[in-house]
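Shown next, in C-alpha cells, is the structure this report addresses.
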2 protein chains.
Amino acid sequence: MADDATTAQRASRRPPPAEAAKPYHHGDLSRALVSAGRRILETEGPDALSLRAVAREAGVSPAAPYHHFKDKGELLDAVAAEGWAELGDAIARARAEAASPAVAVTEIGVAYIRFARENPALYRIMYRMACDRKTMPEHAKKAEGGIGQVAEAILAAGAQPTSALDLQLIQIAAWCTAHGIAEMVGFKEFEELKEELGGEEAFVRAVLGHVGILSGTARAMLQAKT
Amino acid sequence: MADDATTAQRASRRPPPAEAAKPYHHGDLSRALVSAGRRILETEGPDALSLRAVAREAGVSPAAPYHHFKDKGELLDAVAAEGWAELGDAIARARAEAASPAVAVTEIGVAYIRFARENPALYRIMYRMACDRKTMPEHAKKAEGGIGQVAEAILAAGAQPTSALDLQLIQIAAWCTAHGIAEMVGFKEFEELKEELGGEEAFVRAVLGHVGILSGTARAMLQAKT
DNA sequence: GTCCGATCTGGACAGCGTTTAGATAGCGCA
DNA sequence: TGCGCTATCTAAACGCTGTCCAGATCGGAC
C-alpha cells in the first residue's frame, strides 16, 4: 500500500499530486485540513472546531496549518466556501425536481432550510463567515447552483417585477426569509407545534406558506384589498 | 465619596444594599457582572466577552463569578435576558407610536431590526442563547412588551386568521422574517444597494415591503390570482 | 550534486474556562 | 457583646486554545 502510493507519486506530473492516501512531504494539506474540519464539525459540533483539533485530525502539528492559511478564520472560510457550494447544488437540485415552476420557489426555500438543518454546524460557520468577512464566495452568487437561482425561479413562476431593483429586492427578501426560518426552526419553543403539525418539514412548509414574497404588482394587489 | 458609600451602606436595611457605588463584601456582584458584560459587548465586541474580562471589568478575581453563575453560559444567559427585555420595550414603543394599526406590524418589524442592528453583539448573544438553551426568557413571550405583541398588532390590522394555529403561524412567520432580515442586513454584499436606496432603514423597509405575512384568507386570495 | 524554498515540527507565549483550597467578613444567635 | 456559620472572594493551578519562532526536512531547479 505504501509502495503504491510512493510509486504513483513518483510517476506523477511535476506539481504535487492532487489525491494520494498520505503522501509525500505531507501531501496537499490545505484540502486535508478543510475536510478534517468538516469531519469535526459533523461529529463533534462547532465548539470543538479548533485549529489544533483540525491539525490533530489531519495528523500534523498545530503550527502546520499556518503554511496554508494565515488564520484560523481563513481555514473556516475555506470550510464555509465548500458549504456554500453544496447549498447551491441542493438549491439547483430542488429547482430541477420541482413539479412546476409555480412551486419551485417554495421548494427552493424548503431545500435551503433543510440543508441548514441537516448541517447546522456548517451552516452556522457559513453564516458567520458571510457576516464577518467582506465577500461571499462566488459560488453562492452564481446563477448555476447559487442564490441567483431564486430570481430565475421567481420569474419563471410568473411574477412581474416592476424593475430590476424590484427583482433584486424580491430575491433578498426570499433569502432573508429562508435564513430566518432556517435559524429559528431549531428553537425549542416550537417543538410542540412541530409535533402537532407532523414533523419539522411540515412545520417549515406551514410557516413558508404564511410568508408571501411579493413582487411590486402582487403587493399592490394585496394592498388594494386590505 | 468613599465615606458616603460606607455610611449609606451601614444605614441600610438588613439585606445587602441594592445600589451602592463599590460596596461591602463586594456588593451585589451578579448585577455588576451582567452590566460589565454589556459594557464589554458594546465597546469591544462579542469575541472579547470572556469570563475573565468580565471579572476584570468588575474588579474581581476570575473565580468570583462562579459564586453567582454556574457557567460562562449562565452569565451570558443573564445578559441575553436583559437584551430580550429591552427588545420587548422597543417593540411596545414602536406599536404605541405607530400612526395606525395598519402600519403597526411593519413598524414593529422595523423596530426589531433596528434594535438588532444597534446592538449587534447583544443580539448575537440573545439569539445564541435562545438557540442553545431550552427556554426563552419569559419577557420575550409576554404580551406586554414581547413577541406576543405581534399577534395583537396583526389582529388589530384587520387580518382574519382561520384558526388559533393560523394566527400562531403568522406570528412565527413574522418573527422569522424579522430575524432573517436583522441578521442579513449587515452583509457587505448589500452595501451598495443600501446606499442606492438612501440608507439602511430605507433598505430594511424596502425588503420588508416585499415580504407579506399572510393570514389564511389573504393567502387563499393570492393563490387564486397566481 | 548542490543549493533553494516550501513545508513541517517542537517548543514557547499569553489568554481562556474551570476547579480547588484557603482567606475574609457580614449575619444570626447566644 | 462575642462566637461561629455561611456566603463571598482570592490565589494558584490544570489543560485547553490561537499564534509565533527557530530549526529540521525534503522535493525540485540549476
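Ligands are numbered from 1 in the order shown, residues from 1 within each chain, and chains are lettered A, B, ... in the order they appear in the C-alpha cells.
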
**Asked** Would you list which chain C residues are within 9 Å of chain B using only C-alpha atoms (C1' of nucleotides), as a PyMOL selection string?
**Response** chain C and resi 16-18+24-26

**Message:** Excluding Phe203 of chain A and its own-chain neighbours fewer than 4 positions away, which residues fall within 8 Å of it when counting only C-alpha atoms (C1' of nucleotides)? Please give them as a PyMOL selection string.
**Reply:** chain A and resi 193-194+197-199+207

If the cut-off is 8 Å, can you tell me the residues of chain D near chain B, counting only C-alpha atoms (C1' of nucleotides)? I'd like them as a PDB file with N, CA and C atoms (P, O5', C5', C4', C3', O3' and C1' of nucleotides), in the first residue's frame.
```pdb
ATOM      1  P    DT D   8     -23.611  34.850  48.272  1.00  0.00           P
ATOM      2  O5'  DT D   8     -22.114  35.399  48.208  1.00  0.00           O
ATOM      3  C5'  DT D   8     -21.773  36.541  48.963  1.00  0.00           C
ATOM      4  C4'  DT D   8     -20.272  36.686  49.020  1.00  0.00           C
ATOM      5  C3'  DT D   8     -19.575  36.829  47.659  1.00  0.00           C
ATOM      6  O3'  DT D   8     -19.214  38.187  47.523  1.00  0.00           O
ATOM      7  C1'  DT D   8     -18.330  35.520  49.222  1.00  0.00           C
ATOM      8  P    DC D   9     -18.664  38.688  46.092  1.00  0.00           P
ATOM      9  O5'  DC D   9     -17.108  38.322  46.131  1.00  0.00           O
ATOM     10  C5'  DC D   9     -16.222  39.145  46.877  1.00  0.00           C
ATOM     11  C4'  DC D   9     -14.902  38.447  47.085  1.00  0.00           C
ATOM     12  C3'  DC D   9     -14.068  38.220  45.824  1.00  0.00           C
ATOM     13  O3'  DC D   9     -13.016  39.180  45.759  1.00  0.00           O
ATOM     14  C1'  DC D   9     -13.947  36.393  47.373  1.00  0.00           C
ATOM     15  P    DT D  10     -11.910  39.009  44.572  1.00  0.00           P
ATOM     16  O5'  DT D  10     -10.769  38.103  45.219  1.00  0.00           O
ATOM     17  C5'  DT D  10     -10.137  38.526  46.424  1.00  0.00           C
ATOM     18  C4'  DT D  10      -8.929  37.665  46.702  1.00  0.00           C
ATOM     19  C3'  DT D  10      -7.952  37.534  45.535  1.00  0.00           C
ATOM     20  O3'  DT D  10      -6.620  37.671  46.042  1.00  0.00           O
ATOM     21  C1'  DT D  10      -8.673  35.385  46.201  1.00  0.00           C
TER      22       DT D  10
END
```

**Request:** Name the residues in contact with DC30 of chain D at a cut-off of 12 Å, using only C-alpha atoms (C1' of nucleotides), excluding same-chain residues fewer than 6 positions from it; report them as a PyMOL selection string.
**Result:** chain C and resi 1-4

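Interface residues of chain B facing chain A, defined by any atom at most 6 Å away and using only C-alpha atoms, are Cys131, Lys134, Leu169, Ile170, Ala173, Cys176, Thr177, His179, Gly180, Ile181, Phe187, Lys188, Val207, His210, Val211, Gly212, Ile213 and Leu214 of chain B.
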
**Prompt:** Using only C-alpha atoms, which of B:Leu76, B:Leu41, B:Val34, B:Val150 sits nearest Ala58 of chain B?
**Reply:** B:Val34

**Request:** Give the helix (DSSP H, G or I) residues of chain A, as DSSP finds them on the backbone, and put them as number ranges by chain.
**Result:** A: 2-11, 29-44, 46-48, 51-58, 64-67, 72-97, 101-118, 120-132, 138-141, 148-156, 164-184, 188-197, 200-209, 216-225

**Message:** At a cut-off of 7 Å, using only C-alpha atoms (C1' of nucleotides), what residues contact Ala140 of chain B? Leave out same-chain residues fewer than 5 positions from it and give the result as a VMD selection string.
**Reply:** chain B and resid 84 to 85 88 146 to 147

May I have the selected residues written with C-alpha atoms, as a PDB file, in the first residue's frame?
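The result, written out as out_38.pdb:
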```pdb
ATOM      1  CA  TRP B  84     -34.799  40.460  25.396  1.00  0.00           C
ATOM      2  CA  ALA B  85     -36.471  42.708  27.929  1.00  0.00           C
ATOM      3  CA  GLY B  88     -39.653  43.921  24.141  1.00  0.00           C
ATOM      4  CA  GLY B 146     -42.803  40.970  23.903  1.00  0.00           C
ATOM      5  CA  ILE B 147     -43.216  38.939  20.784  1.00  0.00           C
TER       6      ILE B 147
END
```
